[in-house]
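Pasting structure-v3.cif here (mmCIF, C-alpha atoms):
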data_final
#
loop_
_atom_site.group_PDB
_atom_site.id
_atom_site.type_symbol
_atom_site.label_atom_id
_atom_site.label_comp_id
_atom_site.auth_asym_id
_atom_site.auth_seq_id
_atom_site.Cartn_x
_atom_site.Cartn_y
_atom_site.Cartn_z
ATOM 1 C CA MET J 23 84.116 30.513 25.757
ATOM 2 C CA ALA J 24 80.418 30.818 25.202
ATOM 3 C CA TYR J 25 80.781 30.680 21.411
ATOM 4 C CA THR J 26 81.110 26.910 21.697
ATOM 5 C CA ARG J 27 77.369 26.168 21.734
ATOM 6 C CA TYR J 28 77.039 27.996 18.394
ATOM 7 C CA VAL J 29 79.981 26.044 17.003
ATOM 8 C CA TYR J 30 78.243 22.786 18.036
ATOM 9 C CA ILE J 31 75.064 23.824 16.211
ATOM 10 C CA TRP J 32 77.140 24.743 13.135
ATOM 11 C CA ALA J 33 78.912 21.350 13.290
ATOM 12 C CA ALA J 34 75.521 19.610 13.510
ATOM 13 C CA LEU J 35 74.340 21.569 10.452
ATOM 14 C CA ILE J 36 77.432 20.574 8.467
ATOM 15 C CA VAL J 37 77.075 16.897 9.468
ATOM 16 C CA LEU J 38 73.384 16.948 8.466
ATOM 17 C CA THR J 39 74.395 18.456 5.106
ATOM 18 C CA ALA J 40 76.905 15.616 4.597
ATOM 19 C CA ILE J 41 74.207 13.060 5.475
ATOM 20 C CA THR J 42 71.667 14.593 3.126
ATOM 21 C CA VAL J 43 74.117 14.734 0.188
ATOM 22 C CA THR J 44 75.116 11.105 0.799
ATOM 23 C CA THR J 45 71.484 9.994 1.039
ATOM 24 C CA ALA J 46 70.662 11.774 -2.208
ATOM 25 C CA SER J 47 73.540 10.130 -4.073
ATOM 26 C CA LEU J 48 72.434 6.641 -2.980
ATOM 27 C CA ASN J 49 69.106 6.977 -4.873
ATOM 28 C CA PHE J 50 66.545 5.674 -2.390
ATOM 29 C CA GLY J 51 63.682 6.937 -4.546
ATOM 30 C CA ARG J 52 60.596 8.252 -2.749
ATOM 31 C CA VAL J 53 61.971 7.434 0.704
ATOM 32 C CA GLY J 54 65.096 9.394 -0.199
ATOM 33 C CA ILE J 55 62.992 12.473 -1.003
ATOM 34 C CA LEU J 56 61.313 12.249 2.412
ATOM 35 C CA VAL J 57 64.672 11.855 4.190
ATOM 36 C CA VAL J 58 66.187 14.824 2.330
ATOM 37 C CA LEU J 59 63.193 17.064 3.148
ATOM 38 C CA ALA J 60 63.120 15.891 6.775
ATOM 39 C CA ILE J 61 66.807 16.805 7.147
ATOM 40 C CA ALA J 62 66.091 20.259 5.645
ATOM 41 C CA ALA J 63 63.322 20.674 8.258
ATOM 42 C CA ILE J 64 65.669 19.632 11.081
ATOM 43 C CA LYS J 65 68.393 21.994 9.843
ATOM 44 C CA SER J 66 66.036 24.967 9.637
ATOM 45 C CA THR J 67 64.648 24.146 13.101
ATOM 46 C CA LEU J 68 68.199 24.251 14.502
ATOM 47 C CA VAL J 69 68.800 27.644 12.870
ATOM 48 C CA LEU J 70 65.456 29.011 14.143
ATOM 49 C CA LEU J 71 65.889 27.765 17.706
ATOM 50 C CA TYR J 72 69.558 28.522 18.314
ATOM 51 C CA PHE J 73 70.872 31.027 15.750
ATOM 52 C CA MET J 74 67.631 33.043 15.737
ATOM 53 C CA HIS J 75 67.220 32.515 19.499
ATOM 54 C CA LEU J 76 63.644 31.266 19.426
ATOM 55 C CA SER J 77 64.563 28.658 22.057
ATOM 56 C CA SER J 78 65.047 31.446 24.613
ATOM 57 C CA GLU J 79 62.179 33.602 23.334
ATOM 58 C CA LYS J 80 59.700 34.387 26.114
ATOM 59 C CA ARG J 81 56.995 36.094 24.065
ATOM 60 C CA LEU J 82 54.253 33.736 22.969
ATOM 61 C CA LEU J 83 53.540 35.825 19.859
ATOM 62 C CA LEU J 84 57.085 35.364 18.558
ATOM 63 C CA LYS J 85 57.189 31.706 19.549
ATOM 64 C CA LEU J 86 54.031 31.074 17.518
ATOM 65 C CA LEU J 87 54.852 33.106 14.390
ATOM 66 C CA VAL J 88 56.867 30.424 12.613
ATOM 67 C CA PRO J 89 54.389 27.577 13.395
ATOM 68 C CA ILE J 90 51.636 29.881 12.082
ATOM 69 C CA ALA J 91 53.615 30.471 8.864
ATOM 70 C CA ILE J 92 54.181 26.722 8.447
ATOM 71 C CA CYS J 93 50.468 25.944 9.011
ATOM 72 C CA THR J 94 49.462 28.648 6.513
ATOM 73 C CA LEU J 95 51.819 27.190 3.907
ATOM 74 C CA ALA J 96 50.618 23.652 4.647
ATOM 75 C CA ILE J 97 47.006 24.783 4.044
ATOM 76 C CA PHE J 98 47.977 26.540 0.781
ATOM 77 C CA ILE J 99 49.931 23.557 -0.491
ATOM 78 C CA GLY J 100 47.453 20.954 0.768
ATOM 79 C CA LEU J 101 44.395 22.674 -0.733
ATOM 80 C CA THR J 102 46.196 23.296 -4.030
ATOM 81 C CA PHE J 103 47.091 19.623 -4.318
ATOM 82 C CA THR J 104 43.513 18.483 -3.651
ATOM 83 C CA ASP J 105 42.754 20.372 -6.859
ATOM 84 C CA VAL J 106 45.886 19.468 -8.851
ATOM 85 C CA LEU J 107 45.879 15.733 -8.064
ATOM 86 C CA TYR J 108 42.165 15.031 -8.572
ATOM 87 C CA ARG J 109 41.430 17.200 -11.552
ATOM 88 C CA MET C 14 63.384 62.934 28.941
ATOM 89 C CA GLU C 15 61.908 59.484 29.040
ATOM 90 C CA THR C 16 63.863 56.847 27.200
ATOM 91 C CA ARG C 17 62.316 53.581 26.221
ATOM 92 C CA ASP C 18 63.666 50.272 25.037
ATOM 93 C CA HIS C 19 62.244 49.702 21.589
ATOM 94 C CA SER C 20 64.114 46.480 20.983
ATOM 95 C CA VAL C 21 61.067 44.248 21.606
ATOM 96 C CA GLY C 22 58.910 46.206 19.186
ATOM 97 C CA ALA C 23 61.726 46.144 16.640
ATOM 98 C CA ARG C 24 62.023 42.384 17.021
ATOM 99 C CA ILE C 25 58.288 41.792 16.579
ATOM 100 C CA GLY C 26 58.314 43.990 13.486
ATOM 101 C CA MET C 27 61.268 42.076 12.059
ATOM 102 C CA TRP C 28 59.615 38.705 12.651
ATOM 103 C CA LEU C 29 56.420 39.888 10.944
ATOM 104 C CA PHE C 30 58.523 40.904 7.948
ATOM 105 C CA LEU C 31 60.287 37.526 7.979
ATOM 106 C CA LEU C 32 56.843 35.887 8.020
ATOM 107 C CA SER C 33 55.977 37.714 4.780
ATOM 108 C CA GLU C 34 59.294 36.528 3.298
ATOM 109 C CA ILE C 35 58.444 32.927 4.210
ATOM 110 C CA LEU C 36 55.100 33.285 2.426
ATOM 111 C CA LEU C 37 56.776 34.871 -0.619
ATOM 112 C CA PHE C 38 59.146 31.935 -1.058
ATOM 113 C CA GLY C 39 56.378 29.567 0.083
ATOM 114 C CA GLY C 40 54.348 30.544 -2.980
ATOM 115 C CA LEU C 41 57.319 29.688 -5.205
ATOM 116 C CA PHE C 42 57.794 26.363 -3.378
ATOM 117 C CA LEU C 43 54.128 25.628 -4.106
ATOM 118 C CA LEU C 44 54.675 26.340 -7.824
ATOM 119 C CA TYR C 45 57.699 24.042 -7.785
ATOM 120 C CA ALA C 46 55.728 21.251 -6.065
ATOM 121 C CA VAL C 47 52.804 21.455 -8.500
ATOM 122 C CA TYR C 48 54.975 21.523 -11.645
ATOM 123 C CA ARG C 49 57.183 18.738 -10.291
ATOM 124 C CA SER C 50 54.092 16.558 -9.745
ATOM 125 C CA LYS C 51 52.951 17.324 -13.328
ATOM 126 C CA HIS C 52 56.340 16.693 -14.981
ATOM 127 C CA PRO C 53 58.326 14.287 -12.750
ATOM 128 C CA GLY C 54 60.412 12.892 -15.636
ATOM 129 C CA ASP C 55 61.426 16.286 -17.059
ATOM 130 C CA PHE C 56 62.291 17.596 -13.582
ATOM 131 C CA HIS C 57 64.432 14.518 -13.018
ATOM 132 C CA ALA C 58 66.330 14.987 -16.290
ATOM 133 C CA ALA C 59 66.847 18.721 -15.760
ATOM 134 C CA SER C 60 67.952 18.464 -12.121
ATOM 135 C CA MET C 61 70.688 15.994 -13.127
ATOM 136 C CA GLU C 62 72.366 18.864 -14.999
ATOM 137 C CA LEU C 63 73.023 20.965 -11.884
ATOM 138 C CA SER C 64 76.396 20.727 -10.177
ATOM 139 C CA ARG C 65 75.791 19.026 -6.846
ATOM 140 C CA PHE C 66 79.305 19.982 -5.781
ATOM 141 C CA ASP C 67 78.618 23.713 -6.268
ATOM 142 C CA GLY C 68 75.341 23.419 -4.378
ATOM 143 C CA THR C 69 76.966 21.602 -1.462
ATOM 144 C CA LEU C 70 79.845 24.081 -1.352
ATOM 145 C CA ASN C 71 77.410 26.999 -1.245
ATOM 146 C CA THR C 72 75.412 25.305 1.511
ATOM 147 C CA ALA C 73 78.566 24.968 3.624
ATOM 148 C CA ILE C 74 79.518 28.608 2.921
ATOM 149 C CA LEU C 75 76.089 29.915 3.917
ATOM 150 C CA LEU C 76 75.873 27.776 7.073
ATOM 151 C CA THR C 77 79.289 29.064 8.133
ATOM 152 C CA SER C 78 78.195 32.641 7.424
ATOM 153 C CA SER C 79 75.255 32.075 9.782
ATOM 154 C CA LEU C 80 77.710 30.997 12.486
ATOM 155 C CA THR C 81 79.766 34.184 12.067
ATOM 156 C CA ALA C 82 76.541 36.260 12.018
ATOM 157 C CA VAL C 83 75.327 34.828 15.331
ATOM 158 C CA ALA C 84 78.856 35.238 16.757
ATOM 159 C CA ALA C 85 78.745 38.927 15.756
ATOM 160 C CA VAL C 86 75.455 39.451 17.631
ATOM 161 C CA PHE C 87 76.707 37.493 20.652
ATOM 162 C CA SER C 88 80.005 39.440 20.797
ATOM 163 C CA LEU C 89 78.152 42.753 21.110
ATOM 164 C CA GLN C 90 75.071 41.780 23.138
ATOM 165 C CA GLU C 91 76.629 39.423 25.661
ATOM 166 C CA LEU C 92 80.359 40.223 25.669
ATOM 167 C CA ASN C 93 80.297 43.932 24.700
ATOM 168 C CA LYS C 94 83.274 43.463 22.369
ATOM 169 C CA PRO C 95 82.518 45.655 19.318
ATOM 170 C CA LYS C 96 85.867 44.871 17.658
ATOM 171 C CA ARG C 97 85.003 41.184 17.550
ATOM 172 C CA THR C 98 81.569 42.057 16.173
ATOM 173 C CA ILE C 99 83.244 44.063 13.411
ATOM 174 C CA PHE C 100 85.491 41.086 12.596
ATOM 175 C CA PHE C 101 82.591 38.593 12.543
ATOM 176 C CA LEU C 102 80.389 40.916 10.468
ATOM 177 C CA GLY C 103 83.240 41.311 7.978
ATOM 178 C CA ALA C 104 83.570 37.527 7.811
ATOM 179 C CA THR C 105 79.814 37.146 7.265
ATOM 180 C CA ILE C 106 79.849 39.655 4.403
ATOM 181 C CA ALA C 107 82.897 37.879 2.899
ATOM 182 C CA PHE C 108 81.122 34.506 3.042
ATOM 183 C CA GLY C 109 78.096 36.113 1.391
ATOM 184 C CA ALA C 110 80.376 37.354 -1.407
ATOM 185 C CA ALA C 111 81.913 33.865 -1.744
ATOM 186 C CA PHE C 112 78.401 32.402 -2.088
ATOM 187 C CA LEU C 113 77.638 34.859 -4.894
ATOM 188 C CA VAL C 114 80.925 34.044 -6.679
ATOM 189 C CA VAL C 115 80.102 30.305 -6.707
ATOM 190 C CA LYS C 116 76.568 31.137 -7.869
ATOM 191 C CA ALA C 117 77.982 33.336 -10.654
ATOM 192 C CA PHE C 118 80.235 30.493 -11.894
ATOM 193 C CA GLU C 119 77.271 28.144 -11.818
ATOM 194 C CA TRP C 120 74.996 30.452 -13.760
ATOM 195 C CA THR C 121 77.758 31.274 -16.270
ATOM 196 C CA ALA C 122 78.221 27.569 -16.958
ATOM 197 C CA LYS C 123 74.464 27.256 -17.576
ATOM 198 C CA PHE C 124 74.438 30.321 -19.858
ATOM 199 C CA GLU C 125 77.293 28.847 -21.916
ATOM 200 C CA HIS C 126 75.179 25.750 -22.511
ATOM 201 C CA GLY C 127 72.399 28.042 -23.751
ATOM 202 C CA LEU C 128 70.364 27.592 -20.607
ATOM 203 C CA TYR C 129 68.735 30.835 -19.510
ATOM 204 C CA PRO C 130 65.126 32.023 -19.476
ATOM 205 C CA ASN C 131 63.626 32.193 -22.971
ATOM 206 C CA ALA C 132 66.852 30.910 -24.615
ATOM 207 C CA ALA C 133 66.359 29.288 -28.022
ATOM 208 C CA VAL C 134 68.159 26.100 -26.925
ATOM 209 C CA LEU C 135 66.052 25.843 -23.767
ATOM 210 C CA MET C 136 62.734 26.474 -25.540
ATOM 211 C CA LYS C 137 63.289 23.398 -27.752
ATOM 212 C CA ARG C 138 63.343 21.182 -24.662
ATOM 213 C CA PRO C 139 60.330 19.399 -23.112
ATOM 214 C CA PRO C 140 57.903 21.689 -21.199
ATOM 215 C CA GLY C 141 58.855 20.307 -17.763
ATOM 216 C CA GLU C 142 62.529 21.138 -18.295
ATOM 217 C CA ILE C 143 61.663 24.689 -19.377
ATOM 218 C CA LEU C 144 59.621 25.026 -16.173
ATOM 219 C CA TYR C 145 62.415 23.543 -14.065
ATOM 220 C CA PHE C 146 65.032 25.980 -15.338
ATOM 221 C CA GLY C 147 62.541 28.862 -15.116
ATOM 222 C CA LEU C 148 61.961 28.037 -11.443
ATOM 223 C CA TYR C 149 65.673 27.449 -10.879
ATOM 224 C CA PHE C 150 66.669 30.877 -12.186
ATOM 225 C CA THR C 151 63.730 32.651 -10.514
ATOM 226 C CA MET C 152 64.135 31.081 -7.093
ATOM 227 C CA THR C 153 67.945 31.033 -6.837
ATOM 228 C CA GLY C 154 67.968 34.518 -8.412
ATOM 229 C CA LEU C 155 65.505 35.886 -5.864
ATOM 230 C CA HIS C 156 67.523 34.198 -3.136
ATOM 231 C CA ALA C 157 70.781 35.712 -4.454
ATOM 232 C CA LEU C 158 69.053 39.113 -4.425
ATOM 233 C CA HIS C 159 68.276 38.495 -0.736
ATOM 234 C CA VAL C 160 71.947 37.662 -0.126
ATOM 235 C CA ILE C 161 72.945 40.979 -1.751
ATOM 236 C CA ILE C 162 70.381 42.882 0.361
ATOM 237 C CA GLY C 163 71.590 41.046 3.482
ATOM 238 C CA MET C 164 75.221 41.967 2.732
ATOM 239 C CA THR C 165 74.183 45.601 2.238
ATOM 240 C CA VAL C 166 72.280 45.672 5.545
ATOM 241 C CA LEU C 167 75.180 44.020 7.387
ATOM 242 C CA SER C 168 77.601 46.567 5.876
ATOM 243 C CA VAL C 169 75.429 49.441 7.148
ATOM 244 C CA ILE C 170 75.337 47.894 10.632
ATOM 245 C CA LEU C 171 79.119 47.425 10.459
ATOM 246 C CA ALA C 172 79.483 51.161 9.768
ATOM 247 C CA PHE C 173 77.135 51.902 12.705
ATOM 248 C CA ILE C 174 79.321 49.879 15.046
ATOM 249 C CA VAL C 175 82.549 51.461 13.765
ATOM 250 C CA ARG C 176 81.003 54.900 14.449
ATOM 251 C CA GLY C 177 79.705 53.806 17.845
ATOM 252 C CA LYS C 178 76.052 54.209 16.845
ATOM 253 C CA ALA C 179 75.239 50.562 17.541
ATOM 254 C CA THR C 180 76.351 49.460 20.995
ATOM 255 C CA GLN C 181 75.529 46.802 23.549
ATOM 256 C CA GLU C 182 72.593 48.936 24.743
ATOM 257 C CA ARG C 183 71.458 49.734 21.193
ATOM 258 C CA SER C 184 71.867 46.409 19.433
ATOM 259 C CA ALA C 185 68.363 45.868 18.006
ATOM 260 C CA ALA C 186 69.470 46.764 14.464
ATOM 261 C CA LEU C 187 72.359 44.290 14.596
ATOM 262 C CA GLU C 188 70.083 41.583 16.002
ATOM 263 C CA ASN C 189 67.467 42.148 13.286
ATOM 264 C CA ALA C 190 70.094 42.143 10.535
ATOM 265 C CA GLY C 191 71.254 38.806 11.953
ATOM 266 C CA LEU C 192 67.683 37.455 11.882
ATOM 267 C CA TYR C 193 67.376 38.467 8.212
ATOM 268 C CA TRP C 194 70.658 36.754 7.359
ATOM 269 C CA HIS C 195 69.571 33.529 9.093
ATOM 270 C CA LEU C 196 66.270 33.554 7.219
ATOM 271 C CA VAL C 197 68.149 33.818 3.921
ATOM 272 C CA ASP C 198 70.167 30.804 5.113
ATOM 273 C CA ILE C 199 66.972 28.850 5.923
ATOM 274 C CA ILE C 200 65.551 29.551 2.454
ATOM 275 C CA TRP C 201 68.740 28.117 0.941
ATOM 276 C CA ILE C 202 68.481 25.088 3.264
ATOM 277 C CA PHE C 203 65.261 24.265 1.350
ATOM 278 C CA LEU C 204 66.337 25.415 -2.132
ATOM 279 C CA PHE C 205 69.408 23.165 -1.991
ATOM 280 C CA PRO C 206 67.583 19.805 -1.672
ATOM 281 C CA LEU C 207 64.749 20.853 -4.004
ATOM 282 C CA PHE C 208 67.008 21.745 -6.934
ATOM 283 C CA TYR C 209 70.234 19.828 -6.345
ATOM 284 C CA LEU C 210 69.395 16.687 -4.362
ATOM 285 C CA ILE C 211 65.928 15.481 -5.363
ATOM 286 C CA THR C 212 66.260 13.979 -8.838
#
Is it possible to express this structure as structure tokens?
Amino acid sequence: MAYTRYVYIWAALIVLTAITVTTASLNFGRVGILVVLAIAAIKSTLVLLYFMHLSSEKRLLLKLLVPIAICTLAIFIGLTFTDVLYR
Amino acid sequence: METRDHSVGARIGMWLFLLSEILLFGGLFLLYAVYRSKHPGDFHAASMELSRFDGTLNTAILLTSSLTAVAAVFSLQELNKPKRTIFFLGATIAFGAAFLVVKAFEWTAKFEHGLYPNAAVLMKRPPGEILYFGLYFTMTGLHALHVIIGMTVLSVILAFIVRGKATQERSAALENAGLYWHLVDIIWIFLFPLFYLIT
């Protein structure tokens, strides 16, 4: 059955959730925050690539849309923090 | 008469809409980040009050609903089995409802402790905690609204398939509804650590 590859992705997402909850409960401080956010990024990448089929997307425009959104957000957040942190 | 495949155009349009959704929530994430950096102690204290169990349960429910959503699209597009699609769409909508039920219990518990926007009990707390709960209710509320919209859209598509209006050849609407549902899942993938895990 061809559903299996989706089930694998789902299993990976559940395992990553278990890892992130465990990491958070161990209180690693700042490193813990980075790990938790990195796992969220990995999980959303899995959803984008396999559940939303971007991995098999042939159109460059659609392939680039999400990176463009991420860059736009990074600029917003980065520029805002140059103001907030050094005020 | 000439017939054309509009599925590519529909997909591009959907992705552009999803882009605007990312920026909408992105603005709220920015607010969260700035206020967290201004009030780290208050955010820590307030985030300890959320139920990590409820958050984890809802994460599992939503991830599973994404699996059934992609299975629904696959069943129609690749296997041409509309009955399976109907089953998987029904499961997705049911998981969405389960998510909302858990969310409702969570919010009710907060309300009973006098924690809701502009509540007298909440307003006596330090400014960072007021901001934290304001962001919590705004962001999870807006997300829950997206879940409700997603369930509505999926229900409409389900009716289309039952009536034979959405088929293997005309599956763009189902595919786009699936994309919307996955985006709602992705937003939760970030809301979960920000509110429940980072303390």
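Counting all atoms listed in the file, every residue of chain J that comes within 7 Å of chain C is listed here: Tyr25, Tyr28, Trp32, Ile36, Val43, Ala46, Ile55, Val58, Ala62, Ser66, Phe73, Met74, Leu84, Ala91, Leu95 and Ile99 of chain J.
You will find CA of Pro95 in chain C at 6.8 Å from CA of Ile174 in chain C.
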Exercise. Written as a list of chain:residue names, which residues does the PyMOL selection byres ((chain C and resi 165-171) around 7) give for the file shown?
Worked result: C:Ile99, C:Leu102, C:Ile161, C:Ile162, C:Gly163, C:Met164, C:Ala172, C:Phe173, C:Ile174, C:Val175, C:Leu187, C:Ala190
Name every residue that the PyMOL selection byres ((chain J and resi 76) around 12) selects in this structure, writing the answer as a JSON list (two decimals) with C-alpha atoms, in the frame of the given file with chains first and numbers rising.
[["chain", "number", "residue", "atom", "x", "y", "z"],
["J", 66, "SER", "CA", 66.04, 24.97, 9.64],
["J", 67, "THR", "CA", 64.65, 24.15, 13.10],
["J", 68, "LEU", "CA", 68.20, 24.25, 14.50],
["J", 69, "VAL", "CA", 68.80, 27.64, 12.87],
["J", 70, "LEU", "CA", 65.46, 29.01, 14.14],
["J", 71, "LEU", "CA", 65.89, 27.76, 17.71],
["J", 72, "TYR", "CA", 69.56, 28.52, 18.31],
["J", 73, "PHE", "CA", 70.87, 31.03, 15.75],
["J", 74, "MET", "CA", 67.63, 33.04, 15.74],
["J", 75, "HIS", "CA", 67.22, 32.52, 19.50],
["J", 77, "SER", "CA", 64.56, 28.66, 22.06],
["J", 78, "SER", "CA", 65.05, 31.45, 24.61],
["J", 79, "GLU", "CA", 62.18, 33.60, 23.33],
["J", 80, "LYS", "CA", 59.70, 34.39, 26.11],
["J", 81, "ARG", "CA", 57.00, 36.09, 24.06],
["J", 82, "LEU", "CA", 54.25, 33.74, 22.97],
["J", 83, "LEU", "CA", 53.54, 35.83, 19.86],
["J", 84, "LEU", "CA", 57.08, 35.36, 18.56],
["J", 85, "LYS", "CA", 57.19, 31.71, 19.55],
["J", 86, "LEU", "CA", 54.03, 31.07, 17.52],
["J", 87, "LEU", "CA", 54.85, 33.11, 14.39],
["J", 88, "VAL", "CA", 56.87, 30.42, 12.61],
["J", 89, "PRO", "CA", 54.39, 27.58, 13.40],
["C", 24, "ARG", "CA", 62.02, 42.38, 17.02],
["C", 28, "TRP", "CA", 59.62, 38.70, 12.65],
["C", 192, "LEU", "CA", 67.68, 37.46, 11.88]]
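Restricting the calculation to only C-alpha atoms, the smallest distance between Asn71 in chain C and any of C:Phe150, C:Phe118, C:Tyr129, C:Phe30 is found for C:Phe118.
Atom pair CA of Gly103 in chain C / CA of Leu158 in chain C: separated by 19.0 Å.
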Exercise. What is the distance, in Å and to one decimal place, between CA of Phe56 in chain C and CA of Tyr145 in chain C?
Worked result: 6.0 Å
Problem set entry | range 121-126 of chain C surroundings by all atoms listed in the file, 12 Å radius, close-in-sequence under 5 positions cut, as a ChimeraX atom specification | /C:59,62-64,67,113-116,131-135,146,149-150
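Restricting the calculation to all atoms listed in the file, the smallest distance between Gln181 in chain C and any of C:Leu41, C:Leu89, C:Leu155, C:Ile106 is found for C:Leu89.
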Axis-aligned box over every listed atom of range 193-205 of chain C, padded by 8 Å per side: centre and edges in Å to one decimal, as JSON?
{"center_x": 68.0, "center_y": 30.8, "center_z": 3.5, "size_x": 21.4, "size_y": 31.3, "size_z": 27.2}
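The closest residue to Leu59 in chain J, picked from J:Ile41, J:Val106, J:Ala24, J:Ile90 and counting only C-alpha atoms, is J:Ile41.
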For this session: I need the residue set behind the PyMOL selection byres ((chain C and resi 182) around 10) for this file; please write it as a list in words.
Result: Asp18, Ser20, Leu89, Gln90, Asn93, Ala179, Thr180, Gln181, Arg183, Ser184 and Ala185 of chain C
